[in-house]
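Here the structure comes first, spelled out in structure tokens, and everything after it is commentary.
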Amino acid sequence: AAQLNPGSSLPFHNLGNLYGYELGNAERAEQNFIRALANGKNDVYVYYSAFEFYRDVKKDFVIARKVLEDGIANNPLQADTLRTALKSL
């Protein structure tokens, strides 16, 4: 799917989850989340998933916070979930 539609966020989001949680390859997961975020500036779910990855897998709360802040800035009208997550950090 990523090869057929390289501008989409969804396949890279899914690969990020696969590598991060199922295959235990945080480096490949991060590469895919970065690509998903670049492709999906308006996809709030991508920001939330990337936040969870950085919080839970990488244990990098600085980047996790940055992902949420970027998501809120890019989606101010649809970012309630991101705002709630930000309060939890």
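Just remember, in the structure tokens the first chain shown is A, the second B, etc., residues are 1-based per chain, and ligands are 1-based in the order shown.
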Counting only C-alpha atoms, what are the residues of stretch 10-74 of chain A within 9 Å of stretch 78-83 of chain A, and for each of them which pair of atoms is the nearest and at what distance in Å, to one decimal? Sort the table by chain and rising number, as a tab-separated table.
```
residue	atom	partner	partner_atom	distance
A:Asn42	CA	A:Gln78	CA	9.0
A:Val44	CA	A:Ala79	CA	6.8
A:Tyr47	CA	A:Leu82	CA	7.8
A:Tyr48	CA	A:Leu82	CA	6.5
A:Phe51	CA	A:Leu82	CA	8.9
A:Leu68	CA	A:Leu82	CA	5.8
A:Glu69	CA	A:Leu82	CA	8.0
A:Gly71	CA	A:Ala79	CA	7.1
A:Ile72	CA	A:Ala79	CA	5.4
A:Ala73	CA	A:Ala79	CA	8.6
A:Asn74	CA	A:Ala79	CA	8.8
```
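With atom CA of A:Val57 on one side and atom CA of A:Leu4 on the other, the separation reads 28.6 Å.
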Atom CA of A:Ala64 to atom CA of A:Asn5, distance in Å rounded to a single decimal: 26.7 Å
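Closest to A:Asn32 among A:Ala2, A:Pro76, A:Tyr45, A:Asp60 is A:Ala2, based on only C-alpha atoms.
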Å distance separating atom CA of A:Ala36 from atom CA of A:His13, one decimal place: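 It comes out at 5.3 Å.
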DSSP-assigned alpha helix (DSSP H) among chain A, expressed as an NGL selection string: :A and (10-17 or 26-39 or 44-52 or 61-74 or 80-88)
